[in-house]
>>> print(open('entry-v4.txt').read())   # compact mmCIF, N, CA, C and O atoms
# COMPACT_ATOMS: atom_id res chain seq x y z
N ILE A 12 167.87 4.49 -53.02
CA ILE A 12 167.22 5.37 -53.98
C ILE A 12 168.21 6.46 -54.39
O ILE A 12 168.89 7.03 -53.55
N VAL A 13 168.25 6.73 -55.68
CA VAL A 13 169.04 7.83 -56.21
C VAL A 13 168.06 8.88 -56.70
O VAL A 13 167.12 8.57 -57.43
N LEU A 14 168.26 10.12 -56.29
CA LEU A 14 167.45 11.24 -56.76
C LEU A 14 168.33 12.10 -57.64
O LEU A 14 169.40 12.54 -57.22
N LEU A 15 167.87 12.36 -58.85
CA LEU A 15 168.60 13.21 -59.79
C LEU A 15 167.80 14.47 -60.04
O LEU A 15 166.61 14.41 -60.37
N GLU A 16 168.44 15.59 -59.91
CA GLU A 16 167.80 16.87 -60.17
C GLU A 16 168.16 17.31 -61.58
O GLU A 16 169.33 17.36 -61.95
N HIS A 17 167.14 17.61 -62.38
CA HIS A 17 167.33 18.06 -63.76
C HIS A 17 166.93 19.53 -63.87
O HIS A 17 166.40 20.11 -62.92
N LYS A 18 167.09 20.09 -65.02
CA LYS A 18 166.65 21.46 -65.28
C LYS A 18 165.12 21.52 -65.33
O LYS A 18 164.46 20.49 -65.51
N ASN A 19 164.59 22.71 -65.22
CA ASN A 19 163.16 22.99 -65.41
C ASN A 19 162.27 22.23 -64.44
O ASN A 19 161.18 21.78 -64.81
N ASN A 20 162.72 22.05 -63.19
CA ASN A 20 161.92 21.44 -62.13
C ASN A 20 161.61 19.96 -62.33
O ASN A 20 160.64 19.45 -61.79
N TYR A 21 162.43 19.25 -63.11
CA TYR A 21 162.29 17.80 -63.26
C TYR A 21 163.23 17.10 -62.28
O TYR A 21 164.32 17.59 -61.98
N HIS A 22 162.78 15.95 -61.78
CA HIS A 22 163.60 15.09 -60.92
C HIS A 22 163.37 13.64 -61.36
O HIS A 22 162.28 13.28 -61.79
N SER A 23 164.40 12.82 -61.23
CA SER A 23 164.26 11.38 -61.46
C SER A 23 164.51 10.66 -60.14
O SER A 23 165.40 11.04 -59.38
N LEU A 24 163.73 9.62 -59.89
CA LEU A 24 163.94 8.72 -58.76
C LEU A 24 164.29 7.36 -59.33
O LEU A 24 163.58 6.86 -60.21
N ILE A 25 165.37 6.77 -58.85
CA ILE A 25 165.82 5.48 -59.35
C ILE A 25 166.02 4.56 -58.15
O ILE A 25 166.71 4.92 -57.20
N ALA A 26 165.42 3.37 -58.20
CA ALA A 26 165.58 2.39 -57.13
C ALA A 26 165.83 1.02 -57.75
O ALA A 26 165.51 0.79 -58.92
N GLY A 27 166.38 0.11 -56.96
CA GLY A 27 166.65 -1.23 -57.43
C GLY A 27 168.11 -1.45 -57.78
O GLY A 27 168.47 -2.49 -58.32
N LEU A 28 168.94 -0.47 -57.46
CA LEU A 28 170.37 -0.61 -57.75
C LEU A 28 171.04 -1.45 -56.66
O LEU A 28 170.77 -1.27 -55.47
N GLY A 29 171.91 -2.34 -57.07
CA GLY A 29 172.67 -3.12 -56.12
C GLY A 29 173.88 -2.36 -55.62
O GLY A 29 174.35 -2.56 -54.50
N LYS A 30 174.37 -1.43 -56.45
CA LYS A 30 175.51 -0.61 -56.08
C LYS A 30 175.28 0.79 -56.64
O LYS A 30 174.93 0.94 -57.81
N ILE A 31 175.46 1.78 -55.80
CA ILE A 31 175.31 3.17 -56.22
C ILE A 31 176.71 3.77 -56.35
O ILE A 31 177.52 3.69 -55.43
N ASP A 32 177.00 4.35 -57.51
CA ASP A 32 178.32 4.89 -57.80
C ASP A 32 178.37 6.42 -57.77
O ASP A 32 179.24 7.03 -58.39
N THR A 33 177.43 7.04 -57.08
CA THR A 33 177.41 8.49 -56.96
C THR A 33 177.33 8.86 -55.48
O THR A 33 177.02 8.02 -54.64
N VAL A 34 177.59 10.12 -55.20
CA VAL A 34 177.49 10.63 -53.83
C VAL A 34 176.62 11.88 -53.84
O VAL A 34 176.42 12.52 -54.88
N VAL A 35 176.11 12.24 -52.67
CA VAL A 35 175.27 13.42 -52.55
C VAL A 35 176.00 14.65 -53.07
O VAL A 35 177.17 14.87 -52.75
N GLY A 36 175.32 15.40 -53.93
CA GLY A 36 175.88 16.63 -54.47
C GLY A 36 176.70 16.45 -55.73
O GLY A 36 177.11 17.43 -56.35
N GLN A 37 176.96 15.21 -56.13
CA GLN A 37 177.77 14.96 -57.32
C GLN A 37 176.98 15.29 -58.58
O GLN A 37 175.80 14.98 -58.69
N SER A 38 177.62 15.91 -59.54
CA SER A 38 177.03 16.14 -60.86
C SER A 38 177.35 14.95 -61.75
O SER A 38 178.45 14.40 -61.69
N VAL A 39 176.38 14.55 -62.54
CA VAL A 39 176.60 13.46 -63.50
C VAL A 39 176.22 13.95 -64.88
O VAL A 39 175.30 14.75 -65.04
N GLU A 40 176.93 13.47 -65.87
CA GLU A 40 176.66 13.83 -67.25
C GLU A 40 175.59 12.91 -67.83
O GLU A 40 175.41 11.78 -67.36
N SER A 41 174.93 13.36 -68.85
CA SER A 41 173.94 12.53 -69.54
C SER A 41 174.61 11.25 -70.03
O SER A 41 175.67 11.28 -70.63
N GLY A 42 174.01 10.11 -69.72
CA GLY A 42 174.54 8.82 -70.14
C GLY A 42 175.54 8.21 -69.18
O GLY A 42 175.94 7.06 -69.35
N GLU A 43 175.98 8.98 -68.18
CA GLU A 43 176.94 8.46 -67.21
C GLU A 43 176.24 7.51 -66.24
O GLU A 43 175.19 7.84 -65.70
N PRO A 44 176.81 6.33 -65.99
CA PRO A 44 176.19 5.39 -65.05
C PRO A 44 176.15 5.97 -63.64
O PRO A 44 177.09 6.64 -63.20
N VAL A 45 175.05 5.72 -62.93
CA VAL A 45 174.94 6.13 -61.53
C VAL A 45 175.04 4.93 -60.60
O VAL A 45 175.10 5.08 -59.39
N GLY A 46 175.03 3.72 -61.16
CA GLY A 46 175.14 2.51 -60.37
C GLY A 46 174.93 1.29 -61.23
O GLY A 46 174.82 1.39 -62.46
N THR A 47 174.86 0.13 -60.57
CA THR A 47 174.60 -1.13 -61.27
C THR A 47 173.39 -1.80 -60.64
O THR A 47 173.13 -1.65 -59.44
N LEU A 48 172.66 -2.54 -61.45
CA LEU A 48 171.46 -3.22 -60.97
C LEU A 48 171.81 -4.34 -59.99
O LEU A 48 172.84 -4.99 -60.12
N ALA A 49 170.91 -4.54 -59.05
CA ALA A 49 171.04 -5.67 -58.13
C ALA A 49 170.73 -6.95 -58.90
O ALA A 49 169.81 -6.98 -59.71
N THR A 50 171.50 -7.98 -58.67
CA THR A 50 171.24 -9.26 -59.32
C THR A 50 171.11 -10.35 -58.27
O THR A 50 171.82 -10.34 -57.26
N GLN A 51 170.17 -11.25 -58.52
CA GLN A 51 170.00 -12.42 -57.67
C GLN A 51 169.97 -13.63 -58.57
O GLN A 51 169.44 -13.58 -59.68
N SER A 52 170.52 -14.71 -58.10
CA SER A 52 170.65 -15.92 -58.90
C SER A 52 169.32 -16.32 -59.53
O SER A 52 168.32 -16.50 -58.84
N GLY A 53 169.32 -16.44 -60.84
CA GLY A 53 168.16 -16.93 -61.56
C GLY A 53 167.05 -15.91 -61.77
O GLY A 53 166.05 -16.21 -62.40
N GLU A 54 167.19 -14.71 -61.27
CA GLU A 54 166.15 -13.70 -61.42
C GLU A 54 166.65 -12.53 -62.26
O GLU A 54 167.82 -12.17 -62.20
N ARG A 55 165.74 -11.93 -63.01
CA ARG A 55 166.09 -10.74 -63.78
C ARG A 55 166.11 -9.54 -62.85
O ARG A 55 165.24 -9.39 -62.00
N PRO A 56 167.07 -8.65 -63.00
CA PRO A 56 167.09 -7.44 -62.17
C PRO A 56 165.90 -6.54 -62.51
O PRO A 56 165.42 -6.54 -63.65
N VAL A 57 165.44 -5.80 -61.54
CA VAL A 57 164.30 -4.90 -61.72
C VAL A 57 164.73 -3.49 -61.35
O VAL A 57 165.27 -3.26 -60.26
N LEU A 58 164.52 -2.56 -62.24
CA LEU A 58 164.83 -1.16 -62.00
C LEU A 58 163.52 -0.39 -61.87
O LEU A 58 162.60 -0.55 -62.67
N TYR A 59 163.44 0.46 -60.85
CA TYR A 59 162.28 1.34 -60.69
C TYR A 59 162.73 2.73 -61.09
O TYR A 59 163.73 3.24 -60.57
N TYR A 60 162.01 3.36 -62.00
CA TYR A 60 162.33 4.72 -62.44
C TYR A 60 161.06 5.55 -62.39
O TYR A 60 160.01 5.12 -62.85
N GLU A 61 161.18 6.73 -61.84
CA GLU A 61 160.05 7.65 -61.78
C GLU A 61 160.53 9.02 -62.18
O GLU A 61 161.57 9.49 -61.70
N LEU A 62 159.79 9.68 -63.05
CA LEU A 62 160.08 11.05 -63.46
C LEU A 62 159.07 11.95 -62.79
O LEU A 62 157.87 11.65 -62.78
N ARG A 63 159.54 13.05 -62.22
CA ARG A 63 158.65 13.99 -61.55
C ARG A 63 158.86 15.39 -62.12
O ARG A 63 159.98 15.78 -62.43
N LEU A 64 157.77 16.12 -62.20
CA LEU A 64 157.78 17.52 -62.61
C LEU A 64 157.13 18.31 -61.49
O LEU A 64 155.99 18.02 -61.11
N ASN A 65 157.86 19.25 -60.93
CA ASN A 65 157.38 20.03 -59.79
C ASN A 65 156.92 19.14 -58.65
O ASN A 65 155.92 19.40 -57.99
N GLY A 66 157.63 18.02 -58.44
CA GLY A 66 157.33 17.12 -57.34
C GLY A 66 156.23 16.11 -57.60
O GLY A 66 155.96 15.26 -56.77
N GLN A 67 155.59 16.17 -58.76
CA GLN A 67 154.49 15.27 -59.09
C GLN A 67 154.93 14.26 -60.14
O GLN A 67 155.54 14.64 -61.14
N PRO A 68 154.63 12.96 -59.93
CA PRO A 68 155.03 11.96 -60.93
C PRO A 68 154.33 12.20 -62.27
O PRO A 68 153.16 12.58 -62.31
N ILE A 69 155.08 12.01 -63.34
CA ILE A 69 154.52 12.12 -64.69
C ILE A 69 154.96 10.91 -65.51
O ILE A 69 155.93 10.24 -65.18
N ASN A 70 154.27 10.64 -66.58
CA ASN A 70 154.63 9.57 -67.49
C ASN A 70 155.91 9.97 -68.22
O ASN A 70 155.94 11.00 -68.90
N PRO A 71 156.99 9.17 -68.11
CA PRO A 71 158.25 9.53 -68.78
C PRO A 71 158.10 9.68 -70.29
O PRO A 71 158.87 10.41 -70.91
N ALA A 72 157.11 9.04 -70.90
CA ALA A 72 156.92 9.15 -72.34
C ALA A 72 156.55 10.57 -72.74
O ALA A 72 156.76 10.97 -73.88
N ARG A 73 156.04 11.38 -71.79
CA ARG A 73 155.75 12.79 -72.09
C ARG A 73 157.04 13.56 -72.35
O ARG A 73 157.07 14.46 -73.18
N LYS A 74 158.10 13.22 -71.64
CA LYS A 74 159.37 13.94 -71.78
C LYS A 74 160.27 13.28 -72.81
O LYS A 74 160.98 13.94 -73.54
N PHE A 75 160.26 11.95 -72.84
CA PHE A 75 161.12 11.19 -73.74
C PHE A 75 160.26 10.54 -74.80
O PHE A 75 159.85 9.41 -74.68
N THR A 76 160.00 11.27 -75.87
CA THR A 76 159.03 10.83 -76.88
C THR A 76 159.40 9.52 -77.55
O THR A 76 158.53 8.80 -78.03
N ASP A 77 160.68 9.15 -77.56
CA ASP A 77 161.07 7.89 -78.20
C ASP A 77 160.67 6.68 -77.35
O ASP A 77 160.81 5.54 -77.80
N LEU A 78 160.13 6.87 -76.14
CA LEU A 78 159.64 5.76 -75.32
C LEU A 78 158.27 5.29 -75.78
O LEU A 78 157.81 4.23 -75.40
N GLY A 79 157.57 6.09 -76.57
CA GLY A 79 156.24 5.73 -77.01
C GLY A 79 155.22 6.00 -75.91
O GLY A 79 155.51 6.56 -74.88
N THR A 80 153.98 5.57 -76.16
CA THR A 80 152.91 5.77 -75.17
C THR A 80 152.26 4.48 -74.81
O THR A 80 152.39 3.49 -75.45
>>> encode(input="entry-v4.txt", output="structure tokens")
Amino acid sequence: IVLLEHKNNYHSLIAGLGKIDTVVGQSVESGEPVGTLATQSGERPVLYYELRLNGQPINPARKFTDLGT
């Protein structure tokens, strides 16, 4: 699991990566890869993403309006 701390009490949780390319305390820029998806023969990779505000999960479409509802 990768935990990303954002401004204004937002956090992202990312799971399903086969390789993580970040370390604890590292800053990453917007759009910078944090890892690569795990792949298994014949199966599509699955990424789990969760956005949290003040520690509570929220619908990412609330923050990223281009995701739709």
>>> residues_around(input="entry-v4.txt", residues="stretch 50-63 of chain A", least_positions_apart="5", cutoff="8 Å", atoms="all atoms listed in the file", output="PyMOL selection string")
chain A and resi 12-15+17-30+68-71
>>> write_last_selection(input="entry-v4.txt", atoms="N, CA, C and O atoms", output="compact mmCIF listing (two decimals), in the frame of the given file")
# COMPACT_ATOMS: atom_id res chain seq x y z
N ILE A 12 167.87 4.49 -53.02
CA ILE A 12 167.22 5.37 -53.98
C ILE A 12 168.21 6.46 -54.39
O ILE A 12 168.89 7.03 -53.55
N VAL A 13 168.25 6.73 -55.68
CA VAL A 13 169.04 7.83 -56.21
C VAL A 13 168.06 8.88 -56.70
O VAL A 13 167.12 8.57 -57.43
N LEU A 14 168.26 10.12 -56.29
CA LEU A 14 167.45 11.24 -56.76
C LEU A 14 168.33 12.10 -57.64
O LEU A 14 169.40 12.54 -57.22
N LEU A 15 167.87 12.36 -58.85
CA LEU A 15 168.60 13.21 -59.79
C LEU A 15 167.80 14.47 -60.04
O LEU A 15 166.61 14.41 -60.37
N HIS A 17 167.14 17.61 -62.38
CA HIS A 17 167.33 18.06 -63.76
C HIS A 17 166.93 19.53 -63.87
O HIS A 17 166.40 20.11 -62.92
N LYS A 18 167.09 20.09 -65.02
CA LYS A 18 166.65 21.46 -65.28
C LYS A 18 165.12 21.52 -65.33
O LYS A 18 164.46 20.49 -65.51
N ASN A 19 164.59 22.71 -65.22
CA ASN A 19 163.16 22.99 -65.41
C ASN A 19 162.27 22.23 -64.44
O ASN A 19 161.18 21.78 -64.81
N ASN A 20 162.72 22.05 -63.19
CA ASN A 20 161.92 21.44 -62.13
C ASN A 20 161.61 19.96 -62.33
O ASN A 20 160.64 19.45 -61.79
N TYR A 21 162.43 19.25 -63.11
CA TYR A 21 162.29 17.80 -63.26
C TYR A 21 163.23 17.10 -62.28
O TYR A 21 164.32 17.59 -61.98
N HIS A 22 162.78 15.95 -61.78
CA HIS A 22 163.60 15.09 -60.92
C HIS A 22 163.37 13.64 -61.36
O HIS A 22 162.28 13.28 -61.79
N SER A 23 164.40 12.82 -61.23
CA SER A 23 164.26 11.38 -61.46
C SER A 23 164.51 10.66 -60.14
O SER A 23 165.40 11.04 -59.38
N LEU A 24 163.73 9.62 -59.89
CA LEU A 24 163.94 8.72 -58.76
C LEU A 24 164.29 7.36 -59.33
O LEU A 24 163.58 6.86 -60.21
N ILE A 25 165.37 6.77 -58.85
CA ILE A 25 165.82 5.48 -59.35
C ILE A 25 166.02 4.56 -58.15
O ILE A 25 166.71 4.92 -57.20
N ALA A 26 165.42 3.37 -58.20
CA ALA A 26 165.58 2.39 -57.13
C ALA A 26 165.83 1.02 -57.75
O ALA A 26 165.51 0.79 -58.92
N GLY A 27 166.38 0.11 -56.96
CA GLY A 27 166.65 -1.23 -57.43
C GLY A 27 168.11 -1.45 -57.78
O GLY A 27 168.47 -2.49 -58.32
N LEU A 28 168.94 -0.47 -57.46
CA LEU A 28 170.37 -0.61 -57.75
C LEU A 28 171.04 -1.45 -56.66
O LEU A 28 170.77 -1.27 -55.47
N GLY A 29 171.91 -2.34 -57.07
CA GLY A 29 172.67 -3.12 -56.12
C GLY A 29 173.88 -2.36 -55.62
O GLY A 29 174.35 -2.56 -54.50
N LYS A 30 174.37 -1.43 -56.45
CA LYS A 30 175.51 -0.61 -56.08
C LYS A 30 175.28 0.79 -56.64
O LYS A 30 174.93 0.94 -57.81
N PRO A 68 154.63 12.96 -59.93
CA PRO A 68 155.03 11.96 -60.93
C PRO A 68 154.33 12.20 -62.27
O PRO A 68 153.16 12.58 -62.31
N ILE A 69 155.08 12.01 -63.34
CA ILE A 69 154.52 12.12 -64.69
C ILE A 69 154.96 10.91 -65.51
O ILE A 69 155.93 10.24 -65.18
N ASN A 70 154.27 10.64 -66.58
CA ASN A 70 154.63 9.57 -67.49
C ASN A 70 155.91 9.97 -68.22
O ASN A 70 155.94 11.00 -68.90
N PRO A 71 156.99 9.17 -68.11
CA PRO A 71 158.25 9.53 -68.78
C PRO A 71 158.10 9.68 -70.29
O PRO A 71 158.87 10.41 -70.91
>>> atom_distance(input="entry-v4.txt", atom1="atom C of A:Phe75", atom2="atom C of A:Gly46")
22.0 Å
>>> select_by_dssp(input="entry-v4.txt", residues="chain A", states="strand (DSSP E)", output="JSON, numbers by chain")
{"A": [13, 14, 15, 16, 21, 22, 23, 24, 25, 26, 28, 29, 30, 31, 46, 47, 48, 59, 60, 61, 62, 63, 64, 67, 68, 69]}
>>> write_last_selection(input="entry-v4.txt", atoms="N, CA, C and O atoms", output="mmCIF file, in the frame of the given file")
data_model
loop_
_atom_site.group_PDB
_atom_site.id
_atom_site.type_symbol
_atom_site.label_atom_id
_atom_site.label_comp_id
_atom_site.auth_asym_id
_atom_site.auth_seq_id
_atom_site.Cartn_x
_atom_site.Cartn_y
_atom_site.Cartn_z
ATOM 1 N N VAL A 13 168.250 6.730 -55.680
ATOM 2 C CA VAL A 13 169.040 7.830 -56.210
ATOM 3 C C VAL A 13 168.060 8.880 -56.700
ATOM 4 O O VAL A 13 167.120 8.570 -57.430
ATOM 5 N N LEU A 14 168.260 10.120 -56.290
ATOM 6 C CA LEU A 14 167.450 11.240 -56.760
ATOM 7 C C LEU A 14 168.330 12.100 -57.640
ATOM 8 O O LEU A 14 169.400 12.540 -57.220
ATOM 9 N N LEU A 15 167.870 12.360 -58.850
ATOM 10 C CA LEU A 15 168.600 13.210 -59.790
ATOM 11 C C LEU A 15 167.800 14.470 -60.040
ATOM 12 O O LEU A 15 166.610 14.410 -60.370
ATOM 13 N N GLU A 16 168.440 15.590 -59.910
ATOM 14 C CA GLU A 16 167.800 16.870 -60.170
ATOM 15 C C GLU A 16 168.160 17.310 -61.580
ATOM 16 O O GLU A 16 169.330 17.360 -61.950
ATOM 17 N N TYR A 21 162.430 19.250 -63.110
ATOM 18 C CA TYR A 21 162.290 17.800 -63.260
ATOM 19 C C TYR A 21 163.230 17.100 -62.280
ATOM 20 O O TYR A 21 164.320 17.590 -61.980
ATOM 21 N N HIS A 22 162.780 15.950 -61.780
ATOM 22 C CA HIS A 22 163.600 15.090 -60.920
ATOM 23 C C HIS A 22 163.370 13.640 -61.360
ATOM 24 O O HIS A 22 162.280 13.280 -61.790
ATOM 25 N N SER A 23 164.400 12.820 -61.230
ATOM 26 C CA SER A 23 164.260 11.380 -61.460
ATOM 27 C C SER A 23 164.510 10.660 -60.140
ATOM 28 O O SER A 23 165.400 11.040 -59.380
ATOM 29 N N LEU A 24 163.730 9.620 -59.890
ATOM 30 C CA LEU A 24 163.940 8.720 -58.760
ATOM 31 C C LEU A 24 164.290 7.360 -59.330
ATOM 32 O O LEU A 24 163.580 6.860 -60.210
ATOM 33 N N ILE A 25 165.370 6.770 -58.850
ATOM 34 C CA ILE A 25 165.820 5.480 -59.350
ATOM 35 C C ILE A 25 166.020 4.560 -58.150
ATOM 36 O O ILE A 25 166.710 4.920 -57.200
ATOM 37 N N ALA A 26 165.420 3.370 -58.200
ATOM 38 C CA ALA A 26 165.580 2.390 -57.130
ATOM 39 C C ALA A 26 165.830 1.020 -57.750
ATOM 40 O O ALA A 26 165.510 0.790 -58.920
ATOM 41 N N LEU A 28 168.940 -0.470 -57.460
ATOM 42 C CA LEU A 28 170.370 -0.610 -57.750
ATOM 43 C C LEU A 28 171.040 -1.450 -56.660
ATOM 44 O O LEU A 28 170.770 -1.270 -55.470
ATOM 45 N N GLY A 29 171.910 -2.340 -57.070
ATOM 46 C CA GLY A 29 172.670 -3.120 -56.120
ATOM 47 C C GLY A 29 173.880 -2.360 -55.620
ATOM 48 O O GLY A 29 174.350 -2.560 -54.500
ATOM 49 N N LYS A 30 174.370 -1.430 -56.450
ATOM 50 C CA LYS A 30 175.510 -0.610 -56.080
ATOM 51 C C LYS A 30 175.280 0.790 -56.640
ATOM 52 O O LYS A 30 174.930 0.940 -57.810
ATOM 53 N N ILE A 31 175.460 1.780 -55.800
ATOM 54 C CA ILE A 31 175.310 3.170 -56.220
ATOM 55 C C ILE A 31 176.710 3.770 -56.350
ATOM 56 O O ILE A 31 177.520 3.690 -55.430
ATOM 57 N N GLY A 46 175.030 3.720 -61.160
ATOM 58 C CA GLY A 46 175.140 2.510 -60.370
ATOM 59 C C GLY A 46 174.930 1.290 -61.230
ATOM 60 O O GLY A 46 174.820 1.390 -62.460
ATOM 61 N N THR A 47 174.860 0.130 -60.570
ATOM 62 C CA THR A 47 174.600 -1.130 -61.270
ATOM 63 C C THR A 47 173.390 -1.800 -60.640
ATOM 64 O O THR A 47 173.130 -1.650 -59.440
ATOM 65 N N LEU A 48 172.660 -2.540 -61.450
ATOM 66 C CA LEU A 48 171.460 -3.220 -60.970
ATOM 67 C C LEU A 48 171.810 -4.340 -59.990
ATOM 68 O O LEU A 48 172.840 -4.990 -60.120
ATOM 69 N N TYR A 59 163.440 0.460 -60.850
ATOM 70 C CA TYR A 59 162.280 1.340 -60.690
ATOM 71 C C TYR A 59 162.730 2.730 -61.090
ATOM 72 O O TYR A 59 163.730 3.240 -60.570
ATOM 73 N N TYR A 60 162.010 3.360 -62.000
ATOM 74 C CA TYR A 60 162.330 4.720 -62.440
ATOM 75 C C TYR A 60 161.060 5.550 -62.390
ATOM 76 O O TYR A 60 160.010 5.120 -62.850
ATOM 77 N N GLU A 61 161.180 6.730 -61.840
ATOM 78 C CA GLU A 61 160.050 7.650 -61.780
ATOM 79 C C GLU A 61 160.530 9.020 -62.180
ATOM 80 O O GLU A 61 161.570 9.490 -61.700
ATOM 81 N N LEU A 62 159.790 9.680 -63.050
ATOM 82 C CA LEU A 62 160.080 11.050 -63.460
ATOM 83 C C LEU A 62 159.070 11.950 -62.790
ATOM 84 O O LEU A 62 157.870 11.650 -62.780
ATOM 85 N N ARG A 63 159.540 13.050 -62.220
ATOM 86 C CA ARG A 63 158.650 13.990 -61.550
ATOM 87 C C ARG A 63 158.860 15.390 -62.120
ATOM 88 O O ARG A 63 159.980 15.780 -62.430
ATOM 89 N N LEU A 64 157.770 16.120 -62.200
ATOM 90 C CA LEU A 64 157.780 17.520 -62.610
ATOM 91 C C LEU A 64 157.130 18.310 -61.490
ATOM 92 O O LEU A 64 155.990 18.020 -61.110
ATOM 93 N N GLN A 67 155.590 16.170 -58.760
ATOM 94 C CA GLN A 67 154.490 15.270 -59.090
ATOM 95 C C GLN A 67 154.930 14.260 -60.140
ATOM 96 O O GLN A 67 155.540 14.640 -61.140
ATOM 97 N N PRO A 68 154.630 12.960 -59.930
ATOM 98 C CA PRO A 68 155.030 11.960 -60.930
ATOM 99 C C PRO A 68 154.330 12.200 -62.270
ATOM 100 O O PRO A 68 153.160 12.580 -62.310
ATOM 101 N N ILE A 69 155.080 12.010 -63.340
ATOM 102 C CA ILE A 69 154.520 12.120 -64.690
ATOM 103 C C ILE A 69 154.960 10.910 -65.510
ATOM 104 O O ILE A 69 155.930 10.240 -65.180
#
